[in-house]
$ cat final-v6.txt   # compact mmCIF, N, CA and C atoms
# COMPACT_ATOMS: atom_id res chain seq x y z
N MET M 159 19.73 -17.98 36.31
CA MET M 159 20.25 -18.44 37.59
C MET M 159 21.67 -17.92 37.75
N ILE M 160 21.99 -17.47 38.95
CA ILE M 160 23.34 -17.02 39.27
C ILE M 160 23.99 -18.08 40.16
N ASN M 161 25.13 -18.58 39.73
CA ASN M 161 25.84 -19.62 40.47
C ASN M 161 26.88 -18.99 41.38
N LEU M 162 27.23 -19.69 42.46
CA LEU M 162 28.21 -19.21 43.43
C LEU M 162 29.41 -20.14 43.43
N VAL M 163 30.60 -19.54 43.38
CA VAL M 163 31.83 -20.33 43.38
C VAL M 163 32.94 -19.52 44.04
N VAL M 164 33.78 -20.21 44.79
CA VAL M 164 34.98 -19.58 45.36
C VAL M 164 36.13 -19.95 44.45
N ARG M 165 36.89 -18.91 44.05
CA ARG M 165 38.04 -19.12 43.17
C ARG M 165 39.26 -18.44 43.78
N GLY M 166 40.41 -19.01 43.47
CA GLY M 166 41.66 -18.41 43.87
C GLY M 166 42.16 -17.46 42.79
N ASP M 167 43.34 -16.91 42.99
CA ASP M 167 43.93 -15.98 42.02
C ASP M 167 44.09 -16.59 40.63
N SER M 168 44.32 -17.89 40.58
CA SER M 168 44.51 -18.56 39.29
C SER M 168 43.19 -18.74 38.53
N GLY M 169 42.08 -18.52 39.22
CA GLY M 169 40.77 -18.72 38.60
C GLY M 169 40.22 -20.11 38.83
N LYS M 170 41.02 -20.98 39.44
CA LYS M 170 40.58 -22.35 39.71
C LYS M 170 39.53 -22.36 40.82
N ALA M 171 38.46 -23.13 40.62
CA ALA M 171 37.39 -23.25 41.61
C ALA M 171 37.88 -24.04 42.82
N VAL M 172 37.61 -23.49 44.01
CA VAL M 172 37.98 -24.12 45.26
C VAL M 172 36.76 -24.75 45.92
N ALA M 173 35.60 -24.10 45.78
CA ALA M 173 34.34 -24.58 46.36
C ALA M 173 33.19 -24.01 45.54
N ARG M 174 32.06 -24.72 45.55
CA ARG M 174 30.87 -24.29 44.81
C ARG M 174 29.61 -24.50 45.66
N ALA M 175 28.63 -23.70 45.37
CA ALA M 175 27.30 -23.91 45.97
C ALA M 175 26.51 -24.80 45.03
N GLU M 176 25.65 -25.61 45.60
CA GLU M 176 24.78 -26.45 44.78
C GLU M 176 23.56 -25.67 44.32
N ALA M 177 23.11 -24.76 45.17
CA ALA M 177 21.93 -23.95 44.85
C ALA M 177 22.40 -22.65 44.20
N GLY M 178 21.57 -22.12 43.33
CA GLY M 178 21.87 -20.86 42.69
C GLY M 178 20.90 -19.78 43.14
N VAL M 179 21.21 -18.56 42.77
CA VAL M 179 20.37 -17.41 43.12
C VAL M 179 19.38 -17.18 41.99
N ASP M 180 18.10 -17.17 42.32
CA ASP M 180 17.06 -16.81 41.36
C ASP M 180 16.92 -15.29 41.38
N TRP M 181 17.62 -14.62 40.49
CA TRP M 181 17.69 -13.16 40.49
C TRP M 181 16.31 -12.53 40.35
N MET M 182 15.42 -13.16 39.63
CA MET M 182 14.08 -12.59 39.41
C MET M 182 13.23 -12.60 40.68
N ALA M 183 13.63 -13.36 41.69
CA ALA M 183 12.86 -13.47 42.93
C ALA M 183 13.22 -12.34 43.89
N GLY M 184 12.87 -11.13 43.54
CA GLY M 184 13.03 -10.01 44.45
C GLY M 184 14.27 -9.16 44.28
N PHE M 185 15.28 -9.66 43.60
CA PHE M 185 16.52 -8.90 43.49
C PHE M 185 16.39 -7.60 42.71
N PRO M 186 15.58 -7.54 41.67
CA PRO M 186 15.44 -6.26 40.96
C PRO M 186 14.90 -5.14 41.86
N ASP M 187 14.23 -5.50 42.95
CA ASP M 187 13.63 -4.51 43.84
C ASP M 187 14.54 -4.07 44.99
N LEU M 188 15.72 -4.68 45.11
CA LEU M 188 16.62 -4.31 46.21
C LEU M 188 17.12 -2.88 46.03
N SER M 189 17.24 -2.18 47.13
CA SER M 189 17.74 -0.81 47.14
C SER M 189 19.27 -0.82 47.07
N ALA M 190 19.82 -0.01 46.18
CA ALA M 190 21.27 0.08 46.05
C ALA M 190 21.92 0.66 47.31
N THR M 191 21.19 1.49 48.03
CA THR M 191 21.76 2.08 49.24
C THR M 191 21.67 1.13 50.44
N GLU M 192 20.65 0.30 50.50
CA GLU M 192 20.49 -0.64 51.61
C GLU M 192 21.23 -1.95 51.38
N PHE M 193 21.39 -2.34 50.12
CA PHE M 193 22.02 -3.62 49.77
C PHE M 193 23.05 -3.43 48.65
N PRO M 194 24.08 -2.62 48.89
CA PRO M 194 25.03 -2.35 47.79
C PRO M 194 25.76 -3.58 47.28
N MET M 195 26.04 -4.55 48.14
CA MET M 195 26.73 -5.76 47.70
C MET M 195 25.81 -6.62 46.83
N LEU M 196 24.63 -6.92 47.35
CA LEU M 196 23.69 -7.77 46.61
C LEU M 196 23.10 -7.04 45.40
N TRP M 197 23.04 -5.74 45.47
CA TRP M 197 22.54 -4.96 44.34
C TRP M 197 23.46 -5.12 43.12
N ALA M 198 24.72 -5.46 43.38
CA ALA M 198 25.70 -5.65 42.31
C ALA M 198 25.44 -6.90 41.48
N LEU M 199 24.60 -7.81 41.99
CA LEU M 199 24.33 -9.04 41.25
C LEU M 199 23.51 -8.74 40.00
N THR M 200 23.85 -9.44 38.95
CA THR M 200 23.12 -9.34 37.69
C THR M 200 23.04 -10.73 37.07
N PRO M 201 21.94 -11.05 36.43
CA PRO M 201 21.81 -12.40 35.87
C PRO M 201 22.70 -12.64 34.65
N TYR M 202 23.27 -11.58 34.08
CA TYR M 202 24.04 -11.74 32.85
C TYR M 202 25.52 -11.41 33.00
N GLY M 203 25.97 -11.17 34.22
CA GLY M 203 27.37 -10.85 34.44
C GLY M 203 27.85 -11.46 35.74
N ASP M 204 29.08 -11.18 36.09
CA ASP M 204 29.67 -11.72 37.31
C ASP M 204 29.87 -10.61 38.34
N ALA M 205 29.77 -10.98 39.60
CA ALA M 205 30.11 -10.09 40.71
C ALA M 205 31.11 -10.85 41.58
N VAL M 206 32.18 -10.17 41.98
CA VAL M 206 33.25 -10.82 42.74
C VAL M 206 33.45 -10.07 44.06
N PHE M 207 33.54 -10.84 45.15
CA PHE M 207 33.72 -10.26 46.47
C PHE M 207 35.00 -10.78 47.08
N ASN M 208 35.81 -9.86 47.60
CA ASN M 208 37.08 -10.25 48.22
C ASN M 208 36.89 -10.42 49.73
N GLN M 209 37.96 -10.78 50.41
CA GLN M 209 37.91 -11.07 51.84
C GLN M 209 37.42 -9.88 52.67
N ARG M 210 37.77 -8.68 52.28
CA ARG M 210 37.34 -7.49 53.03
C ARG M 210 35.88 -7.15 52.80
N GLN M 211 35.31 -7.59 51.70
CA GLN M 211 33.91 -7.31 51.40
C GLN M 211 32.96 -8.35 51.99
N ILE M 212 33.49 -9.50 52.36
CA ILE M 212 32.66 -10.59 52.87
C ILE M 212 31.84 -10.18 54.10
N PRO M 213 32.39 -9.48 55.10
CA PRO M 213 31.55 -9.08 56.24
C PRO M 213 30.35 -8.20 55.82
N LEU M 214 30.55 -7.35 54.84
CA LEU M 214 29.45 -6.51 54.35
C LEU M 214 28.39 -7.37 53.67
N LEU M 215 28.84 -8.34 52.89
CA LEU M 215 27.91 -9.25 52.22
C LEU M 215 27.13 -10.07 53.24
N LEU M 216 27.81 -10.57 54.26
CA LEU M 216 27.14 -11.36 55.31
C LEU M 216 26.09 -10.52 56.05
N ALA M 217 26.40 -9.27 56.31
CA ALA M 217 25.43 -8.39 56.98
C ALA M 217 24.19 -8.20 56.11
N GLU M 218 24.37 -8.10 54.81
CA GLU M 218 23.21 -7.97 53.92
C GLU M 218 22.40 -9.26 53.88
N LEU M 219 23.07 -10.41 53.92
CA LEU M 219 22.36 -11.68 53.94
C LEU M 219 21.50 -11.80 55.20
N ASP M 220 21.97 -11.21 56.32
CA ASP M 220 21.21 -11.25 57.57
C ASP M 220 19.89 -10.51 57.49
N ARG M 221 19.81 -9.50 56.66
CA ARG M 221 18.58 -8.70 56.58
C ARG M 221 17.89 -8.81 55.21
N LEU M 222 18.18 -9.85 54.50
CA LEU M 222 17.63 -10.09 53.18
C LEU M 222 16.11 -10.25 53.24
N PRO M 223 15.37 -9.59 52.36
CA PRO M 223 13.91 -9.76 52.34
C PRO M 223 13.54 -11.22 52.03
N ALA M 224 12.42 -11.65 52.56
CA ALA M 224 11.97 -13.03 52.39
C ALA M 224 11.84 -13.42 50.92
N ALA M 225 11.50 -12.48 50.06
CA ALA M 225 11.33 -12.78 48.63
C ALA M 225 12.63 -13.24 47.99
N CYS M 226 13.76 -12.86 48.56
CA CYS M 226 15.07 -13.21 47.99
C CYS M 226 15.69 -14.43 48.65
N ASP M 227 15.07 -14.91 49.70
CA ASP M 227 15.62 -16.00 50.49
C ASP M 227 15.58 -17.31 49.70
N GLY M 228 16.34 -18.26 50.15
CA GLY M 228 16.34 -19.58 49.53
C GLY M 228 17.50 -20.40 50.04
N GLU M 229 17.62 -21.58 49.51
CA GLU M 229 18.68 -22.51 49.93
C GLU M 229 20.07 -21.91 49.68
N TRP M 230 20.17 -21.06 48.70
CA TRP M 230 21.46 -20.46 48.34
C TRP M 230 22.05 -19.62 49.47
N VAL M 231 21.20 -19.06 50.34
CA VAL M 231 21.70 -18.16 51.39
C VAL M 231 22.63 -18.90 52.35
N GLY M 232 22.22 -20.05 52.83
CA GLY M 232 23.07 -20.84 53.72
C GLY M 232 24.36 -21.28 53.04
N GLN M 233 24.24 -21.64 51.77
CA GLN M 233 25.42 -22.05 51.03
C GLN M 233 26.35 -20.87 50.78
N ALA M 234 25.79 -19.70 50.56
CA ALA M 234 26.59 -18.49 50.39
C ALA M 234 27.37 -18.20 51.68
N ARG M 235 26.71 -18.37 52.82
CA ARG M 235 27.39 -18.16 54.10
C ARG M 235 28.59 -19.11 54.25
N GLU M 236 28.40 -20.36 53.87
CA GLU M 236 29.49 -21.33 53.94
C GLU M 236 30.65 -20.93 53.03
N LEU M 237 30.32 -20.47 51.84
CA LEU M 237 31.37 -20.04 50.91
C LEU M 237 32.08 -18.79 51.41
N CYS M 238 31.34 -17.92 52.10
CA CYS M 238 31.97 -16.74 52.71
C CYS M 238 33.00 -17.17 53.74
N GLN M 239 32.70 -18.21 54.50
CA GLN M 239 33.66 -18.73 55.49
C GLN M 239 34.91 -19.27 54.82
N VAL M 240 34.73 -19.91 53.67
CA VAL M 240 35.88 -20.43 52.93
C VAL M 240 36.80 -19.27 52.54
N VAL M 241 36.21 -18.19 52.04
CA VAL M 241 36.98 -17.01 51.63
C VAL M 241 37.68 -16.39 52.84
N GLU M 242 36.96 -16.28 53.95
CA GLU M 242 37.53 -15.65 55.15
C GLU M 242 38.70 -16.46 55.73
N ARG M 243 38.62 -17.77 55.63
CA ARG M 243 39.67 -18.63 56.20
C ARG M 243 40.89 -18.77 55.29
N GLY M 244 40.72 -18.45 54.03
CA GLY M 244 41.81 -18.65 53.07
C GLY M 244 42.56 -17.37 52.75
N THR M 245 43.46 -17.48 51.82
CA THR M 245 44.17 -16.31 51.30
C THR M 245 44.03 -16.30 49.78
N HIS M 246 43.92 -15.11 49.25
CA HIS M 246 43.77 -14.93 47.80
C HIS M 246 42.58 -15.69 47.24
N LEU M 247 41.48 -15.69 48.00
CA LEU M 247 40.25 -16.35 47.55
C LEU M 247 39.17 -15.28 47.37
N TYR M 248 38.25 -15.57 46.45
CA TYR M 248 37.19 -14.63 46.10
C TYR M 248 35.88 -15.39 45.90
N LEU M 249 34.79 -14.80 46.35
CA LEU M 249 33.47 -15.37 46.12
C LEU M 249 32.90 -14.75 44.86
N TRP M 250 32.63 -15.60 43.89
CA TRP M 250 32.08 -15.17 42.60
C TRP M 250 30.60 -15.53 42.53
N PHE M 251 29.79 -14.57 42.11
CA PHE M 251 28.41 -14.81 41.72
C PHE M 251 28.42 -14.76 40.20
N VAL M 252 28.22 -15.90 39.56
CA VAL M 252 28.41 -16.02 38.12
C VAL M 252 27.06 -16.07 37.41
N GLY M 253 26.77 -15.02 36.64
CA GLY M 253 25.54 -14.98 35.85
C GLY M 253 25.71 -15.79 34.57
N ASP M 254 24.60 -16.04 33.90
CA ASP M 254 24.63 -16.81 32.65
C ASP M 254 25.36 -16.09 31.56
$ encode --input "final-v6.txt" --output "structure tokens"
Amino acid sequence: MINLVVRGDSGKAVARAEAGVDWMAGFPDLSATEFPMLWALTPYGDAVFNQRQIPLLLAELDRLPAACDGEWVGQARELCQVVERGTHLYLWFVGD
């Protein structure tokens, strides 16, 4: 499971998603050229998105295949808004 958390420069958590990303549910099949942001997710590492990358991530969430969908998508959108409204905030996808 990949967890979602917004952190500031200090590394302190500002917000968290309750739902996690089930990477095995379709993510291995995502195209790196069509989904470069989501393709960066891995179940064993972290992926970090800054304020300038959030619009690209949101666009990918809009066209996400049904196999990858879940409760986490809406929560990811909310966390993206937290990053966009703040300063020095980052959305982390944290693998095990």
$ residues_around --input "final-v6.txt" --residues "stretch 206-221 of chain M" --least-positions-apart "5" --cutoff "9 Å" --atoms "only C-alpha atoms" --output "list in words"
Glu192, Phe193, Pro194, Met195, Leu196, Asp227, Val231, Ala234, Arg235, Cys238, Gln239, Val241, Glu242, Arg243, Gly244, Thr245, His246, Leu247, Tyr248, Leu249, Trp250, Phe251 and Val252 of chain M
$ select_by_dssp --input "final-v6.txt" --residues "stretch 182-235 of chain M" --states "strand (DSSP E or B)" --output "ChimeraX atom specification"
/M:204-207
$ select_by_dssp --input "final-v6.txt" --residues "chain M" --states "alpha helix (DSSP H)" --output "list in words"
Pro194, Met195, Leu196, Trp197, Ile212, Pro213, Leu214, Leu215, Leu216, Ala217, Glu218, Leu219, Asp220, Glu229, Trp230, Val231, Gly232, Gln233, Ala234, Arg235, Glu236, Leu237, Cys238, Gln239, Val240, Val241, Glu242 and Arg243 of chain M
$ residues_around --input "final-v6.txt" --residues "M:Gly178" --least-positions-apart "4" --cutoff "6 Å" --atoms "only N, CA and C atoms" --output "list of chain:residue names"
M:Met159, M:Ile160, M:Asn161, M:Leu162, M:Trp230
$ write_last_selection --input "final-v6.txt" --atoms "N, CA and C atoms" --output "mmCIF file, in the coordinates of the input"
data_model
loop_
_atom_site.group_PDB
_atom_site.id
_atom_site.type_symbol
_atom_site.label_atom_id
_atom_site.label_comp_id
_atom_site.auth_asym_id
_atom_site.auth_seq_id
_atom_site.Cartn_x
_atom_site.Cartn_y
_atom_site.Cartn_z
ATOM 1 N N MET M 159 19.730 -17.980 36.310
ATOM 2 C CA MET M 159 20.250 -18.440 37.590
ATOM 3 C C MET M 159 21.670 -17.920 37.750
ATOM 4 N N ILE M 160 21.990 -17.470 38.950
ATOM 5 C CA ILE M 160 23.340 -17.020 39.270
ATOM 6 C C ILE M 160 23.990 -18.080 40.160
ATOM 7 N N ASN M 161 25.130 -18.580 39.730
ATOM 8 C CA ASN M 161 25.840 -19.620 40.470
ATOM 9 C C ASN M 161 26.880 -18.990 41.380
ATOM 10 N N LEU M 162 27.230 -19.690 42.460
ATOM 11 C CA LEU M 162 28.210 -19.210 43.430
ATOM 12 C C LEU M 162 29.410 -20.140 43.430
ATOM 13 N N TRP M 230 20.170 -21.060 48.700
ATOM 14 C CA TRP M 230 21.460 -20.460 48.340
ATOM 15 C C TRP M 230 22.050 -19.620 49.470
#
$ axis_aligned_box --input "final-v6.txt" --around "stretch 191-210 of chain M" --padding-each-side "5 Å" --output "lines of an AutoDock Vina configuration file"
center_x = 29.2
center_y = -5.3
center_z = 42.9
size_x = 27.5
size_y = 24.7
size_z = 30.2
$ atom_distance --input "final-v6.txt" --atom1 "atom N of M:Phe185" --atom2 "atom N of M:Glu229"
13.5 Å
